[in-house]
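Take a look at the structure below.
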Amino acid sequence: MFNFDRMFKFDKMHGFDKIFGFDKWLIPLTVGIIPVIFLGIFYFYPLSGIFIRSFFEHSSYGEGNFSMLSLLKIFQSSRMAGIIWFTFWQAFVSTILTLIAALPCAWVMGTFDFRCKKLVMTLATLPFVLPTIVVASAFQVLASTIKNIDWIFSFIQPEHSITMILFAHLFYNFSVVLRITSAFWSSLGKEMKEAASMLGANGIQVFFKITLPLLKPAILASSMLVFIFCFSSFGVILILGGPSFSTLEVEIYRQAAHMFNLPVASCLSLFQILCTFAMMWVYTLLQKKTALFIPESEKFSLRKPDTMIEKSSVFLCVAFIFFLCVMPISALVINSLYYKGSLSLIFYRELFLNSSGSIFYISPVDAISNSLTFALSTLAIALVVGGCAAYLIRKYTDEKSLIKNAVHQSQGKYSIFQYSKLFKKLLEPLFMLPLATSAVTLGFGMIITLDKPPLDFRTSVFLIPIVHTLVAFPFVVRAVLPALRAIPTSLKEAASIMGASPFKVWLHIELPIIARGLSIGAVFAFTVSLGEFGATLFAARPEFTTMPVTIYRFLGQPGIMNYGQAMAMSSILMLVTAIGFFFIENMRQFGHEGF
Amino acid sequence: MIKRFYYIFSLSMPVVIIPFLLLCILAFITVSTGICQDAKKLTVMTHDSFSVSEKVVAVFEKENNAKLVFLKSGDAGEALNKAILSKNSPLADIFYGVDNTFLSRAIKGDIFLPYASPMLKSVDDKLKLDSENRLLPVDFGDVCLNYDKKWFADHKLAVPVMLEDLIKPEYKGLLVIENPATSSPGLAFLLTTISRFGETEAFEFWKKLKKNDVFITNGWKEAYWGKFSAASEGDRPIVVSYASSPAAEVHFAKAEDAATKDKDASTKDNDPSTKDKDASTKDKDSSTKNEDNPSKDSNGKKLGNNNTKDKDAPTGAVTEHGSAFRQIEFAGILKGTANLDLAQKLIDFLLSKTFQEDIPLQMFVFPSNHNAALPEVFQKYAIITTQPATLSYDEISEKREMWIEKWTELML
């Protein structure tokens with residue numbers, strides 16, 4: 001038998017630690033510097049580049065004329081006011097709808113253990129990877145297939161584009177709330193609820209006074225994600241909403257890509273970023289007053305449904321997920337299997353043939369392996385960057401440092417600590433920004449800034465996972481942070497007193513607790529990367545073509561074979577995603593036996 | 001056992017991650033600086049819809065001992081903007097795919113080098129819009145109305161022949177178009193109306209179209225795959241698309257022979273003419289329609305078995321009476337190229353018969369070189385309009401934004 005402790009000598013490293021202060025500064029420094037450098041190079045630098053050029057060197061770029069007056073005119077126009085209002089309105093309504101739909105399901109998923117639970121969870125997350133154009137087509141097929149059973153769709157009114165927008169946002173974001181909240185829910189211990197019941201509280205009181213306050217961080221975090229996602233919604237609005245609806249993101253795209261009016265596009269991007277920032281600020285304030293608790297293992301908190309009510313609620317939840325997610329998905333799959341009215345695999349077989357001899361043809365095997373390579377690299381980078389960012393945020397916002405700061409202030413040491421206080425407040429919102437930044441603005445920024453060695457990544461294949469990470473890592477931060485904040489200091493201190501090295505404390509106390517959050521973050525990073533297609537096109541050379549790009553290529557030309565192959569590729573995309581989920585979630589099962 | 005695995009796994013995490021990151025950074029630097037050692041590499045920047053045969057690329061690469069790299073950079077507008085933004089350190093040597101609606105932006109951006117290719121002599125003069133030859137015409141396509149033949153036959157309605165038909169009361173609720181602010185066929189259709197009726201009259205026409213319940217989508221994909229009755233579950237039998245779309249419908253209606261063999265066995269009793277038309281409608285419809293329809297096509301002519309060429313296209317295009325707008329695509333050499341000789345050779349190659357004859361079936365547009373032979377499916381099903389709607393590109397560049405704004409105000 002190996003003695004791993006001796007082999008790695010981790011707890012015998014105190015001497016080494018003392019000499020170099022290894023754990024004192026090196027580790028926190030690395031942890032802090034990774035997300036800062038990453039964001040600095042790949043987000044802030046390109047963005048500031050495009051802003052500066054479009055505001056100050058506008059004459060040589062673009063066709064728009066920049067002056068304070070013309071910008072003012074834009075913001076005063078009623079059309080722009082309508083766009084801004086609609087952007088906020090639809091994001092708010094979509095978030096509320098998603099919460100209403102997902103929270104009851106999260107309760108079921110976080111309380112009960114039943115057969116095929118993992119499968120249901122996987123099915124609920126699949127919509128996340130589907131390109132919008134494919135979803136639009138699936139909705140259309142579904143709507144016409146069940147036209148006969150009018151009563152279902154009479155209240156959904158698929159023809160009405162605003163309903164379509166809200167429904168699509170629900171379809172896409174349902175799993176975000178479901179996954180984050182149910183994971184948190186399952187880690188709520190029973191003791192407090194039982195204590196409350198013993199003291200005479202009824203079920204409703206227990207829910208509102210105990211469960212809900214404990215769940216607050218997860219609900220807030222997930223609804224913030226959904227809100228920002230809908231706030232910067234692009235494909236759904238453009239494709240399902242039609243031209244009469246426009247969000248800020250769509251307008252920025254229109255101004256930058258079609259009008260080439262960079263000053264206006266930059267100005268709107270800046271406005272969008274500021275709005276996101278303000279919302280994040282409010283969120284941070286709300287989150288301050290969250291309760292701490294000792295997380296418990298999933299294994300102890302999950303139980304089989306006992307009573308009739310519990311059983312029927314599990315059934316209702318599964319039925320709802322089936323209705324919301326499985327039906328559109330299966331419409332797609334069925335479409336890909338029918339050729340001229342009969343069951344056939346012809347579209348799938350056709351995927352393997354390069355019938356037009358095009359240089360942009362890619363076999364499905366290669367497309368899958370490209371997609372998986374990008375997704376796994378995104379997953380790795382996002383977990384590192386996101387995990388480190390979560391630690392950085394916690395370090396600067398937890399109570400201990402706040403108290404320390406207060407002490408310093410009371411001693412009159414203002415100057416430097418006031419800056420750090422500001423930094424603290426800025427830190428958390430900053431890490432959320434990439435999620436709500438217009439892709440086209442950032443893309444243009446990268447083109448004009450990352451153009452000289454050693455930063456000439458513009459056509460590099462590495463840019464793809466990096467751009468995916470920019471979207472994916474906020475998910476990791478959001479998923480990990482609530483768990484990280486919930487770790488009681490006493491637990492770590494107890495371990496330290498008993499002689500565990502900081503690394504061992506991290507390994508045995510912190511990691512198991514945040515593992516659940518990390519795995520959710522991993523799932524989303526994986527999905528974001530598999531489904532993302534804008535960035536992939538950015539550096540799209542034939543040999544790096546991914547599955548979503550292939551789908552778009554098929555849909556770019558008329559003809560039934562193209563349509564069928566697009567549907568077949570979408571089905572394969574979903575299958576690959578589902579298999580990916582399976583592996584990521586089983587990885588976690590290895591991870592923490594105890595927790 | 002599992003616990004031990006986990007232990008190794010988690011211990012190795014930081015040990016793996018830090019070198020991994022370092023490796024990434026190293027890889028970045030080597031890739032970004034080192035990959036360009038091959039001086040014979042030529043990069044072509046283009047839009048998403050670009051396509052070319054592997055064989056054709058191989059011909060050029062072999063002849064010139066070069067390597068072609070293609071860089072797709074978004075839709076036509078976005079790709080051009082990226083080329084203009086990167087003019088200080090160009091991403092590519094050649095840009096393919098500036099169309100005549102963006103021509104003025106490209107020329108104002110001052111990113112192209114003039115090159116009077118000897119191949120230009122076989123290009124129609126009407127296609128040459130840039131007198132200094134910074135941008136050379138490589139292909140063209142006509143944007144026009146497409147209609148669903150089967151729908152019009154079923155509803156016993158005459159197919160549209162010109163723009164004026166669209167505002168007739170019997171055509172109410174039949175048309176789907178694209179937003180000119182976000183789609184290039186959409187913009188082309190707006191320009192068609194302006195060319196046909198004149199500026200003020202055109203907007204009167206649009207008012208009537210609006211009253212006649214026109215449906216507007218943001219892009220061609222949503223219109224064609226989402227609303228057009230010949231290609232989707234949608235209920236609109238007229239769509240703004242390309243004159244070559246019917247040819248594409250025929251070309252992509254049938255899979256490769258090997259793959260269809262067993263299919264033919266299972267649907268032998270159905271006549272191929274109905275099969276083909278139904279291919280573009282939905283599966284549920286087609287299974288019922290196959291029984292209903294007599295096994296004759298709309299002309300009443302009995303068709304030969306298994307011969308695709310004789311089958312009718314499921315859609316038709318309206319190209320005459322100035323109802324089609326000619327979109328011409330240009331290619332040019334980007335300023336700052338390191339391989340001017342090779343870039344010029346590539347431009348010659350793009351205009352040569354080898355490449356030009358490859359264009360129709362790859363991108364479903366017409367070659368600009370009039371010596372290039374058209375494939376059979378194009379000869380049969382794609383129409384080149386005799387009187388395209390025209391507007392000078394100066395006028396387009398001057399008024400485009402204004403027209404789009406006016407249109408947006410009126411229609412949305």
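In the structure tokens, the first chain shown is A, the next is B, and so on; residue numbers restart at 1 for each chain, and ligands run from 1 in the order shown.
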
Residues of chain A that approach chain B to 6 Å or less, counting only C-alpha atoms: could you list each one with the shortest pair of atoms and its distance in Å to one decimal, rows by chain and increasing residue number, as CSV?
residue,atom,partner,partner_atom,distance
A:Gly242,CA,B:Thr217,CA,5.0
A:Pro243,CA,B:Asn218,CA,5.5
A:Ser244,CA,B:Leu412,CA,5.3
A:Ala257,CA,B:Glu78,CA,4.6
A:His258,CA,B:Gly77,CA,5.5
A:Lys340,CA,B:Ala279,CA,5.4
A:Gly341,CA,B:Asp283,CA,4.4
A:Gly357,CA,B:Ser53,CA,5.1
A:Ser358,CA,B:Ser53,CA,4.0
A:Ile359,CA,B:Glu54,CA,4.3
A:Ile448,CA,B:Ser86,CA,5.8
A:Pro454,CA,B:Ile29,CA,5.6
A:Asp456,CA,B:Ser32,CA,5.5
A:Phe538,CA,B:Ser73,CA,5.4
A:Ala540,CA,B:Lys72,CA,5.7
A:Arg541,CA,B:Leu71,CA,5.7
A:Pro558,CA,B:Glu249,CA,5.6
A:Gly559,CA,B:Glu249,CA,4.2
A:Ile560,CA,B:Ala253,CA,5.3
A:Met561,CA,B:Phe252,CA,5.2
A:Gly591,CA,B:Tyr6,CA,5.9

I need the helix (DSSP H, G or I) residues of region 435-580 of chain A per DSSP on the backbone, written as a VMD selection string. chain A and resid 435 to 436 439 to 449 463 to 486 489 to 497 502 to 531 534 to 538 542 to 544 547 to 555 560 to 580

Output file for the residues above (C-alpha atoms, as a short mmCIF file (atom, residue, chain, number, x, y, z; two decimals), in the first residue's frame):
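Done, and the output landed in again.cif:
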data_model
loop_
_atom_site.label_atom_id
_atom_site.label_comp_id
_atom_site.auth_asym_id
_atom_site.auth_seq_id
_atom_site.Cartn_x
_atom_site.Cartn_y
_atom_site.Cartn_z
CA LEU A 435 -22.02 37.49 -20.09
CA ALA A 436 -23.85 40.67 -21.03
CA ALA A 439 -20.55 39.70 -29.01
CA VAL A 440 -20.08 41.77 -32.12
CA THR A 441 -18.53 44.70 -30.21
CA LEU A 442 -16.14 42.39 -28.42
CA GLY A 443 -15.33 40.63 -31.69
CA PHE A 444 -14.49 43.91 -33.41
CA GLY A 445 -12.46 44.90 -30.37
CA MET A 446 -10.44 41.72 -30.60
CA ILE A 447 -9.76 42.36 -34.26
CA ILE A 448 -8.25 45.77 -33.66
CA THR A 449 -6.39 45.02 -30.42
CA LEU A 463 -9.42 32.02 -29.47
CA ILE A 464 -12.42 29.71 -29.73
CA PRO A 465 -12.23 28.11 -26.25
CA ILE A 466 -11.20 31.48 -24.84
CA VAL A 467 -14.24 33.28 -26.19
CA HIS A 468 -16.40 30.38 -25.02
CA THR A 469 -14.84 30.70 -21.58
CA LEU A 470 -15.77 34.36 -21.42
CA VAL A 471 -19.42 33.31 -21.60
CA ALA A 472 -19.02 30.15 -19.53
CA PHE A 473 -16.99 31.21 -16.53
CA PRO A 474 -19.63 33.51 -14.98
CA PHE A 475 -21.73 30.36 -14.68
CA VAL A 476 -18.96 28.68 -12.74
CA VAL A 477 -18.61 31.73 -10.47
CA ARG A 478 -22.36 31.85 -9.82
CA ALA A 479 -22.58 28.14 -9.17
CA VAL A 480 -19.58 27.93 -6.86
CA LEU A 481 -19.90 31.15 -4.90
CA PRO A 482 -23.05 30.34 -2.86
CA ALA A 483 -21.49 27.08 -1.69
CA LEU A 484 -18.17 28.73 -1.04
CA ARG A 485 -19.78 31.43 1.05
CA ALA A 486 -21.76 28.87 2.97
CA THR A 489 -15.08 29.36 9.01
CA SER A 490 -15.35 27.23 12.13
CA LEU A 491 -15.21 24.08 10.05
CA LYS A 492 -11.94 25.10 8.43
CA GLU A 493 -10.52 26.34 11.71
CA ALA A 494 -11.36 23.10 13.40
CA ALA A 495 -9.51 21.21 10.70
CA SER A 496 -6.51 23.52 10.97
CA ILE A 497 -6.34 23.17 14.71
CA PRO A 502 -4.07 24.54 4.28
CA PHE A 503 -3.96 22.28 1.27
CA LYS A 504 -5.53 19.44 3.20
CA VAL A 505 -8.22 21.77 4.50
CA TRP A 506 -8.97 22.76 0.94
CA LEU A 507 -8.94 19.18 -0.24
CA HIS A 508 -11.05 17.63 2.48
CA ILE A 509 -13.31 20.47 3.58
CA GLU A 510 -13.72 23.03 0.85
CA LEU A 511 -13.47 20.98 -2.31
CA PRO A 512 -16.18 18.46 -1.36
CA ILE A 513 -18.53 21.30 -0.46
CA ILE A 514 -17.97 23.27 -3.64
CA ALA A 515 -17.75 20.15 -5.82
CA ARG A 516 -21.46 20.24 -6.47
CA GLY A 517 -21.23 23.86 -7.59
CA LEU A 518 -18.17 23.08 -9.66
CA SER A 519 -19.90 20.25 -11.44
CA ILE A 520 -22.87 22.45 -12.28
CA GLY A 521 -20.47 25.07 -13.54
CA ALA A 522 -18.75 22.38 -15.58
CA VAL A 523 -22.02 21.24 -17.11
CA PHE A 524 -22.87 24.78 -18.18
CA ALA A 525 -19.38 25.52 -19.47
CA PHE A 526 -19.56 22.35 -21.52
CA THR A 527 -23.00 23.21 -22.86
CA VAL A 528 -22.22 26.84 -23.61
CA SER A 529 -19.23 25.77 -25.62
CA LEU A 530 -21.05 23.03 -27.52
CA GLY A 531 -23.89 25.32 -28.49
CA GLY A 534 -20.56 33.03 -33.10
CA ALA A 535 -17.04 32.67 -31.78
CA THR A 536 -16.50 29.49 -33.71
CA LEU A 537 -17.30 31.26 -36.93
CA PHE A 538 -14.88 33.97 -35.93
CA PRO A 542 -12.69 24.33 -42.53
CA GLU A 543 -10.68 22.05 -40.29
CA PHE A 544 -12.09 23.52 -37.08
CA MET A 547 -21.48 20.97 -35.04
CA PRO A 548 -23.49 24.24 -34.75
CA VAL A 549 -21.52 25.76 -37.63
CA THR A 550 -22.35 22.72 -39.75
CA ILE A 551 -26.03 23.12 -38.91
CA TYR A 552 -25.93 26.73 -40.04
CA ARG A 553 -24.15 25.79 -43.22
CA PHE A 554 -26.88 23.32 -44.11
CA LEU A 555 -29.62 25.82 -43.43
CA ILE A 560 -34.98 19.23 -48.46
CA MET A 561 -31.68 17.38 -48.07
CA ASN A 562 -30.13 20.41 -46.43
CA TYR A 563 -33.02 20.75 -44.03
CA GLY A 564 -32.98 17.07 -43.14
CA GLN A 565 -29.26 17.03 -42.57
CA ALA A 566 -29.50 20.10 -40.32
CA MET A 567 -32.10 18.27 -38.23
CA ALA A 568 -29.96 15.13 -38.14
CA MET A 569 -26.93 17.13 -37.03
CA SER A 570 -29.01 18.83 -34.33
CA SER A 571 -30.08 15.44 -33.04
CA ILE A 572 -26.46 14.29 -32.95
CA LEU A 573 -25.53 17.50 -31.13
CA MET A 574 -28.10 16.75 -28.45
CA LEU A 575 -26.96 13.17 -28.12
CA VAL A 576 -23.33 14.21 -27.69
CA THR A 577 -24.36 16.77 -25.09
CA ALA A 578 -26.37 14.19 -23.16
CA ILE A 579 -23.43 11.77 -23.14
CA GLY A 580 -21.18 14.61 -22.00
#

Coordinates-based distance that separates CA of Lys216 (chain A) from CA of Tyr283 (chain A) (Å, one decimal): 11.3 Å

What does the distance from CA of Phe184 (chain A) to CA of Ala390 (chain A) come to in Å, to one decimal? 16.6 Å

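Of the residues under consideration (A:Val314, A:Ile228, A:Val31, A:Leu286), A:Val31 shows the shortest atom-to-atom contact distance to Gly387 (chain A) when counting only C-alpha atoms.
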
What separates CA of Ile33 (chain A) and CA of Leu430 (chain A) is a distance of 14.5 Å

Extract, using only C-alpha atoms, all DNA, RNA and protein residues at most 10 Å from Ser161 (chain A), discarding same-chain residues fewer than 5 positions from it, and format them as a count of residues only. 9
